[in-house]
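Engineer: For reference, this is my_file.cif, and it has mmCIF, C-alpha atoms.
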```
data_model
#
loop_
_atom_site.label_atom_id
_atom_site.label_comp_id
_atom_site.auth_asym_id
_atom_site.auth_seq_id
_atom_site.Cartn_x
_atom_site.Cartn_y
_atom_site.Cartn_z
CA MET T 1022 0.00 0.00 0.00
CA ASP T 1023 1.24 3.44 -0.85
CA PHE T 1024 0.20 5.96 1.78
CA ILE T 1025 1.16 9.59 1.67
CA ASP T 1026 1.08 11.28 5.08
CA ILE T 1027 0.69 15.03 5.10
CA TYR T 1028 0.90 16.95 8.40
CA ILE T 1029 -0.49 20.45 8.72
CA LYS T 1030 0.87 22.09 11.91
CA GLN T 1031 0.62 18.71 13.70
CA PHE T 1032 -3.12 19.22 14.21
CA LEU T 1033 -4.39 17.57 11.07
CA LYS T 1034 -3.14 14.44 9.39
CA ILE T 1035 -4.33 13.51 5.93
CA LYS T 1036 -3.84 9.98 4.60
CA LYS T 1037 -4.14 9.49 0.89
CA TYR T 1038 -4.24 6.07 -0.78
CA LYS T 1039 -3.75 5.91 -4.55
CA ASN T 1040 -5.60 9.22 -4.92
CA GLU T 1041 -8.86 7.39 -4.16
CA LYS T 1042 -9.40 7.73 -0.41
CA ILE T 1043 -8.64 10.64 1.83
CA ILE T 1044 -8.75 10.09 5.56
CA ILE T 1045 -8.51 13.12 7.82
CA ILE T 1046 -7.33 12.62 11.39
CA LEU T 1047 -7.82 15.54 13.77
CA MET T 1048 -5.50 15.96 16.74
CA GLU T 1049 -6.00 18.32 19.68
CA LYS T 1050 -2.99 19.44 21.72
CA ILE T 1051 -3.79 18.59 25.34
CA ALA T 1052 -0.42 18.78 27.08
CA GLU T 1053 3.18 19.91 26.87
CA GLY T 1054 6.30 18.88 28.76
CA LEU T 1055 9.92 17.83 28.49
CA SER T 1056 10.67 15.14 25.90
CA CYS T 1057 13.17 12.77 27.50
CA SER T 1058 13.23 9.95 25.00
CA SER T 1059 15.47 8.74 22.25
CA ASN T 1060 12.40 7.96 20.13
CA SER T 1061 10.48 11.06 19.13
CA GLN T 1062 6.88 9.86 18.75
CA ALA T 1063 4.30 7.26 19.74
CA LEU T 1064 0.70 6.55 18.84
CA GLY T 1065 -1.44 4.49 21.18
CA THR T 1066 -4.29 4.34 23.67
CA PHE T 1067 -4.06 6.36 26.88
CA GLU T 1068 -4.09 4.51 30.19
CA TYR T 1069 -4.13 6.43 33.48
CA VAL T 1070 -2.15 4.55 36.14
CA LYS T 1071 -2.50 5.55 39.80
CA ASN T 1072 -1.23 2.48 41.63
CA VAL T 1073 0.24 -1.00 41.39
CA GLU T 1074 -3.24 -2.53 41.08
CA ASP T 1075 -3.75 -0.59 37.81
CA VAL T 1076 -0.48 -2.07 36.51
CA ILE T 1077 -1.53 -5.60 37.51
CA ASN T 1078 -4.73 -5.10 35.49
CA LEU T 1079 -2.55 -4.22 32.47
CA PHE T 1080 -0.24 -7.27 32.64
CA ASP T 1081 -1.85 -8.95 29.63
CA ASN T 1082 -3.11 -5.76 28.00
CA ALA T 1083 -0.26 -3.18 28.05
CA SER T 1084 0.68 -3.47 24.39
CA GLY T 1085 -0.13 -0.30 22.44
CA LYS T 1086 -0.71 1.80 25.57
CA ILE T 1087 0.61 5.24 26.47
CA CYS T 1088 0.59 5.32 30.26
CA ILE T 1089 0.00 8.51 32.20
CA VAL T 1090 1.40 8.63 35.76
CA GLU T 1091 1.64 11.43 38.27
CA ASP T 1092 4.61 10.19 40.30
CA ALA T 1093 6.86 7.19 40.98
CA GLY T 1094 6.61 6.07 37.36
CA THR T 1095 9.39 3.48 37.12
CA THR T 1096 8.50 1.76 40.36
CA THR T 1097 4.87 1.50 39.32
CA LEU T 1098 5.32 0.83 35.58
CA GLY T 1099 8.41 -1.41 35.80
CA PRO T 1100 6.62 -4.74 35.17
CA ILE T 1101 4.93 -3.50 31.95
CA LEU T 1102 7.39 -0.87 30.67
CA SER T 1103 8.69 -3.03 27.82
CA ASP T 1104 5.14 -3.51 26.46
CA LEU T 1105 4.18 0.18 26.37
CA VAL T 1106 4.50 2.50 23.37
CA GLY T 1107 4.98 5.63 25.49
CA VAL T 1108 4.94 7.18 28.96
CA ILE T 1109 3.81 10.55 30.28
CA CYS T 1110 4.57 11.78 33.79
CA THR T 1111 3.21 14.99 35.33
CA LYS T 1112 6.39 15.46 37.42
CA GLY T 1113 10.12 14.87 37.03
CA SER T 1114 12.95 15.83 34.72
CA ALA T 1115 15.38 14.35 32.21
CA GLY T 1116 17.36 12.97 35.17
CA SER T 1117 14.37 11.18 36.69
CA HIS T 1118 14.55 7.40 36.89
CA LEU T 1119 11.54 7.01 34.58
CA ALA T 1120 13.16 9.23 31.92
CA ILE T 1121 16.47 7.35 32.11
CA VAL T 1122 14.86 3.90 31.93
CA SER T 1123 12.56 5.04 29.09
CA ARG T 1124 15.61 6.06 27.06
CA GLU T 1125 17.15 2.62 27.68
CA PHE T 1126 13.92 1.01 26.43
CA ASN T 1127 13.85 3.44 23.45
CA LEU T 1128 10.40 4.45 24.71
CA PRO T 1129 8.92 7.90 24.01
CA CYS T 1130 8.63 9.74 27.32
CA VAL T 1131 7.35 13.19 28.29
CA MET T 1132 8.16 14.40 31.83
CA ASN T 1133 6.93 17.38 33.87
CA THR T 1134 3.83 17.40 31.67
CA ARG T 1135 1.28 20.19 31.99
CA PHE T 1136 -2.17 19.06 30.86
CA LYS T 1137 -4.96 21.40 29.75
CA ILE T 1138 -7.52 19.10 31.38
CA GLN T 1139 -7.94 18.48 35.11
CA ASP T 1140 -9.28 14.90 35.17
CA LEU T 1141 -6.52 12.75 33.67
CA SER T 1142 -8.55 9.59 34.21
CA SER T 1143 -10.99 10.89 31.55
CA LEU T 1144 -8.30 10.12 28.94
CA LYS T 1145 -8.41 6.37 29.67
CA GLY T 1146 -9.20 4.41 26.52
CA LYS T 1147 -8.82 7.39 24.18
CA LYS T 1148 -6.32 7.45 21.35
CA GLY T 1149 -3.31 9.70 21.76
CA LYS T 1150 0.01 10.71 20.30
CA ILE T 1151 3.32 11.85 21.77
CA THR T 1152 5.64 13.90 19.58
CA THR T 1153 8.85 15.87 20.03
CA GLU T 1154 9.12 19.39 18.68
CA GLU T 1155 12.39 21.22 18.48
CA GLU T 1156 14.95 19.39 20.58
CA ASP T 1157 13.25 18.57 23.87
CA LYS T 1158 9.68 19.85 23.78
CA GLY T 1159 7.25 16.96 24.29
CA ILE T 1160 3.73 17.48 22.97
CA VAL T 1161 0.75 15.26 23.79
CA TYR T 1162 -2.21 15.11 21.41
CA LEU T 1163 -5.66 13.62 21.70
CA VAL T 1164 -6.44 11.93 18.38
CA LYS T 1165 -10.07 12.41 17.39
#
```
Have the structure of the file written as structure tokens, please.
Structural biologist:
Amino acid sequence: MDFIDIYIKQFLKIKKYKNEKIIIILMEKIAEGLSCSSNSQALGTFEYVKNVEDVINLFDNASGKICIVEDAGTTTLGPILSDLVGVICTKGSAGSHLAIVSREFNLPCVMNTRFKIQDLSSLKGKKGKITTEEEDKGIVYLVK
């Protein structure tokens, strides 16, 4: 299949297939933080993780997930980290354990993330994207 991806200011993605079908994917910027990963982007389903029990529930279902944590990311996410496509943490820096381990796993990671929404659990199950702009600016999009 020959797809042509066209990005317009990262908010709109147009997929074209043999000039027959045009698929438009809208993305809304919902957060910004520090990109701490060696891989610059990820597309997956958001999962809000508050505790170890949430991780246990993801043991067989972590593939394709972008996990959102507020603190203690590596300790909590350790058992499933290799199955995830990305991680977002509301605290921390490039020197945080989660950021360092994410780089070792070649996993997109955004730290010290400032969300536009208050209830992060409302993102659970929704499709999202992590990208890196410039050198270290991590952007989080909600894919509609």
Engineer: Report the residues retrieved by the PyMOL selection byres ((chain T and resi 1138) around 12) from the displayed file, expressed as a ChimeraX atom specification.
Structural biologist: /T:1049-1053,1134-1137,1139-1144,1161-1163
Engineer: To one decimal in Å, tell me the separation between atom CA of Lys1112 of chain T and atom CA of Val1131 of chain T.
Structural biologist: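 Going from atom CA of Lys1112 of chain T over to atom CA of Val1131 of chain T, I get 9.5 Å.
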Engineer: Could you tell me which of T:Ala1083, T:Met1132, T:Leu1055, T:Ile1121 comes closest to Lys1158 of chain T if we count all atoms listed in the file?
Structural biologist: T:Leu1055
Engineer: Just so the selection is clear, what residues does the PyMOL selection byres ((chain T and resi 1107) around 9) cover here, as a ChimeraX atom specification?
Structural biologist: /T:1062-1065,1085-1089,1102,1105-1106,1108-1109,1123,1128-1131,1150-1151
Engineer: Separation of atom CA of Lys1071 of chain T and atom CA of Glu1091 of chain T, in Å?
Structural biologist: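 Atom CA of Glu1091 of chain T lies at a distance of 7.4 Å from atom CA of Lys1071 of chain T.
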Engineer: Care to translate the PyMOL selection byres ((chain T and resi 1094-1099) around 7) into actual residues of this file, as a list of chain:residue names?
Structural biologist: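 That expression, the PyMOL selection byres ((chain T and resi 1094-1099) around 7), corresponds here to T:Asn1072, T:Val1073, T:Val1076, T:Val1090, T:Asp1092, T:Ala1093, T:Pro1100, T:Ile1101, T:Leu1102, T:His1118, T:Leu1119.
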Engineer: For atom CA of Arg1124 of chain T and atom CA of Tyr1069 of chain T, quote the distance in Å rounded to one decimal.
Structural biologist: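 Atom-to-atom, atom CA of Arg1124 of chain T to atom CA of Tyr1069 of chain T, that is 20.8 Å.
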Engineer: Of the candidates T:Gly1054, T:Glu1125, T:Gly1149, T:Glu1155, which shows the shortest atom-to-atom distance to Thr1111 of chain T, using only C-alpha atoms?
Structural biologist: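 Going through T:Gly1054, T:Glu1125, T:Gly1149, T:Glu1155 one by one, the smallest distance to Thr1111 of chain T is for T:Gly1054.
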Engineer: Between T:Gly1113, T:Asn1133, T:Glu1068, T:Asp1104, which one has atoms that come closest to Asp1081 of chain T, using all atoms listed in the file?
Structural biologist: T:Asp1104
Engineer: For segment 1134-1162 of chain T, where the input has fewer atoms than it should, I would like N, CA and C atoms rebuilt and written as a PDB file, in the frame of the given file.
Structural biologist:
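out12.pdb, written as the output of this step:
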```pdb
ATOM      1  N   THR T1134       4.869  17.101  32.660  1.00  0.00           N
ATOM      2  CA  THR T1134       3.830  17.400  31.670  1.00  0.00           C
ATOM      3  C   THR T1134       2.717  18.249  32.273  1.00  0.00           C
ATOM      4  N   ARG T1135       2.367  19.307  31.574  1.00  0.00           N
ATOM      5  CA  ARG T1135       1.280  20.190  31.990  1.00  0.00           C
ATOM      6  C   ARG T1135       0.090  19.958  31.065  1.00  0.00           C
ATOM      7  N   PHE T1136      -0.965  19.365  31.632  1.00  0.00           N
ATOM      8  CA  PHE T1136      -2.170  19.060  30.860  1.00  0.00           C
ATOM      9  C   PHE T1136      -3.149  20.230  30.893  1.00  0.00           C
ATOM     10  N   LYS T1137      -3.908  20.387  29.816  1.00  0.00           N
ATOM     11  CA  LYS T1137      -4.960  21.400  29.750  1.00  0.00           C
ATOM     12  C   LYS T1137      -6.226  20.943  30.465  1.00  0.00           C
ATOM     13  N   ILE T1138      -6.330  19.645  30.713  1.00  0.00           N
ATOM     14  CA  ILE T1138      -7.520  19.100  31.380  1.00  0.00           C
ATOM     15  C   ILE T1138      -7.171  18.752  32.825  1.00  0.00           C
ATOM     16  N   GLN T1139      -8.162  18.764  33.690  1.00  0.00           N
ATOM     17  CA  GLN T1139      -7.940  18.480  35.110  1.00  0.00           C
ATOM     18  C   GLN T1139      -8.034  16.989  35.418  1.00  0.00           C
ATOM     19  N   ASP T1140      -9.032  16.312  34.856  1.00  0.00           N
ATOM     20  CA  ASP T1140      -9.280  14.900  35.170  1.00  0.00           C
ATOM     21  C   ASP T1140      -8.541  13.998  34.190  1.00  0.00           C
ATOM     22  N   LEU T1141      -7.329  13.592  34.559  1.00  0.00           N
ATOM     23  CA  LEU T1141      -6.520  12.750  33.670  1.00  0.00           C
ATOM     24  C   LEU T1141      -7.135  11.376  33.438  1.00  0.00           C
ATOM     25  N   SER T1142      -7.917  10.900  34.385  1.00  0.00           N
ATOM     26  CA  SER T1142      -8.550   9.590  34.210  1.00  0.00           C
ATOM     27  C   SER T1142      -9.566   9.600  33.068  1.00  0.00           C
ATOM     28  N   SER T1143     -10.036  10.798  32.666  1.00  0.00           N
ATOM     29  CA  SER T1143     -10.990  10.890  31.550  1.00  0.00           C
ATOM     30  C   SER T1143     -10.340  10.532  30.211  1.00  0.00           C
ATOM     31  N   LEU T1144      -9.000  10.474  30.170  1.00  0.00           N
ATOM     32  CA  LEU T1144      -8.300  10.120  28.940  1.00  0.00           C
ATOM     33  C   LEU T1144      -8.218   8.609  28.724  1.00  0.00           C
ATOM     34  N   LYS T1145      -8.502   7.826  29.751  1.00  0.00           N
ATOM     35  CA  LYS T1145      -8.410   6.370  29.670  1.00  0.00           C
ATOM     36  C   LYS T1145      -9.217   5.825  28.497  1.00  0.00           C
ATOM     37  N   GLY T1146      -8.536   5.034  27.663  1.00  0.00           N
ATOM     38  CA  GLY T1146      -9.200   4.410  26.520  1.00  0.00           C
ATOM     39  C   GLY T1146      -9.231   5.260  25.261  1.00  0.00           C
ATOM     40  N   LYS T1147      -8.817   6.519  25.356  1.00  0.00           N
ATOM     41  CA  LYS T1147      -8.820   7.390  24.180  1.00  0.00           C
ATOM     42  C   LYS T1147      -7.483   7.303  23.468  1.00  0.00           C
ATOM     43  N   LYS T1148      -7.526   7.538  22.175  1.00  0.00           N
ATOM     44  CA  LYS T1148      -6.320   7.450  21.350  1.00  0.00           C
ATOM     45  C   LYS T1148      -5.495   8.728  21.497  1.00  0.00           C
ATOM     46  N   GLY T1149      -4.168   8.552  21.591  1.00  0.00           N
ATOM     47  CA  GLY T1149      -3.310   9.700  21.760  1.00  0.00           C
ATOM     48  C   GLY T1149      -1.999   9.571  21.016  1.00  0.00           C
ATOM     49  N   LYS T1150      -1.276  10.686  20.978  1.00  0.00           N
ATOM     50  CA  LYS T1150       0.010  10.710  20.300  1.00  0.00           C
ATOM     51  C   LYS T1150       0.982  11.575  21.091  1.00  0.00           C
ATOM     52  N   ILE T1151       2.224  11.092  21.180  1.00  0.00           N
ATOM     53  CA  ILE T1151       3.320  11.850  21.770  1.00  0.00           C
ATOM     54  C   ILE T1151       4.266  12.216  20.635  1.00  0.00           C
ATOM     55  N   THR T1152       4.647  13.487  20.567  1.00  0.00           N
ATOM     56  CA  THR T1152       5.640  13.900  19.580  1.00  0.00           C
ATOM     57  C   THR T1152       6.682  14.791  20.243  1.00  0.00           C
ATOM     58  N   THR T1153       7.799  14.959  19.559  1.00  0.00           N
ATOM     59  CA  THR T1153       8.850  15.870  20.030  1.00  0.00           C
ATOM     60  C   THR T1153       8.987  16.987  19.025  1.00  0.00           C
ATOM     61  N   GLU T1154       8.887  18.213  19.507  1.00  0.00           N
ATOM     62  CA  GLU T1154       9.120  19.390  18.680  1.00  0.00           C
ATOM     63  C   GLU T1154      10.420  20.014  19.131  1.00  0.00           C
ATOM     64  N   GLU T1155      11.081  20.650  18.211  1.00  0.00           N
ATOM     65  CA  GLU T1155      12.390  21.220  18.480  1.00  0.00           C
ATOM     66  C   GLU T1155      13.279  20.120  19.047  1.00  0.00           C
ATOM     67  N   GLU T1156      14.027  20.399  20.090  1.00  0.00           N
ATOM     68  CA  GLU T1156      14.950  19.390  20.580  1.00  0.00           C
ATOM     69  C   GLU T1156      14.396  18.590  21.753  1.00  0.00           C
ATOM     70  N   ASP T1157      13.683  19.264  22.656  1.00  0.00           N
ATOM     71  CA  ASP T1157      13.250  18.570  23.870  1.00  0.00           C
ATOM     72  C   ASP T1157      11.849  18.944  24.336  1.00  0.00           C
ATOM     73  N   LYS T1158      11.040  19.468  23.442  1.00  0.00           N
ATOM     74  CA  LYS T1158       9.680  19.850  23.780  1.00  0.00           C
ATOM     75  C   LYS T1158       8.737  18.701  23.458  1.00  0.00           C
ATOM     76  N   GLY T1159       8.181  18.072  24.478  1.00  0.00           N
ATOM     77  CA  GLY T1159       7.250  16.960  24.290  1.00  0.00           C
ATOM     78  C   GLY T1159       5.823  17.464  24.215  1.00  0.00           C
ATOM     79  N   ILE T1160       5.114  17.061  23.176  1.00  0.00           N
ATOM     80  CA  ILE T1160       3.730  17.480  22.970  1.00  0.00           C
ATOM     81  C   ILE T1160       2.848  16.234  23.014  1.00  0.00           C
ATOM     82  N   VAL T1161       1.704  16.360  23.700  1.00  0.00           N
ATOM     83  CA  VAL T1161       0.750  15.260  23.790  1.00  0.00           C
ATOM     84  C   VAL T1161      -0.533  15.684  23.086  1.00  0.00           C
ATOM     85  N   TYR T1162      -0.992  14.835  22.173  1.00  0.00           N
ATOM     86  CA  TYR T1162      -2.210  15.110  21.410  1.00  0.00           C
ATOM     87  C   TYR T1162      -3.280  14.066  21.714  1.00  0.00           C
TER      88      TYR T1162
END
```
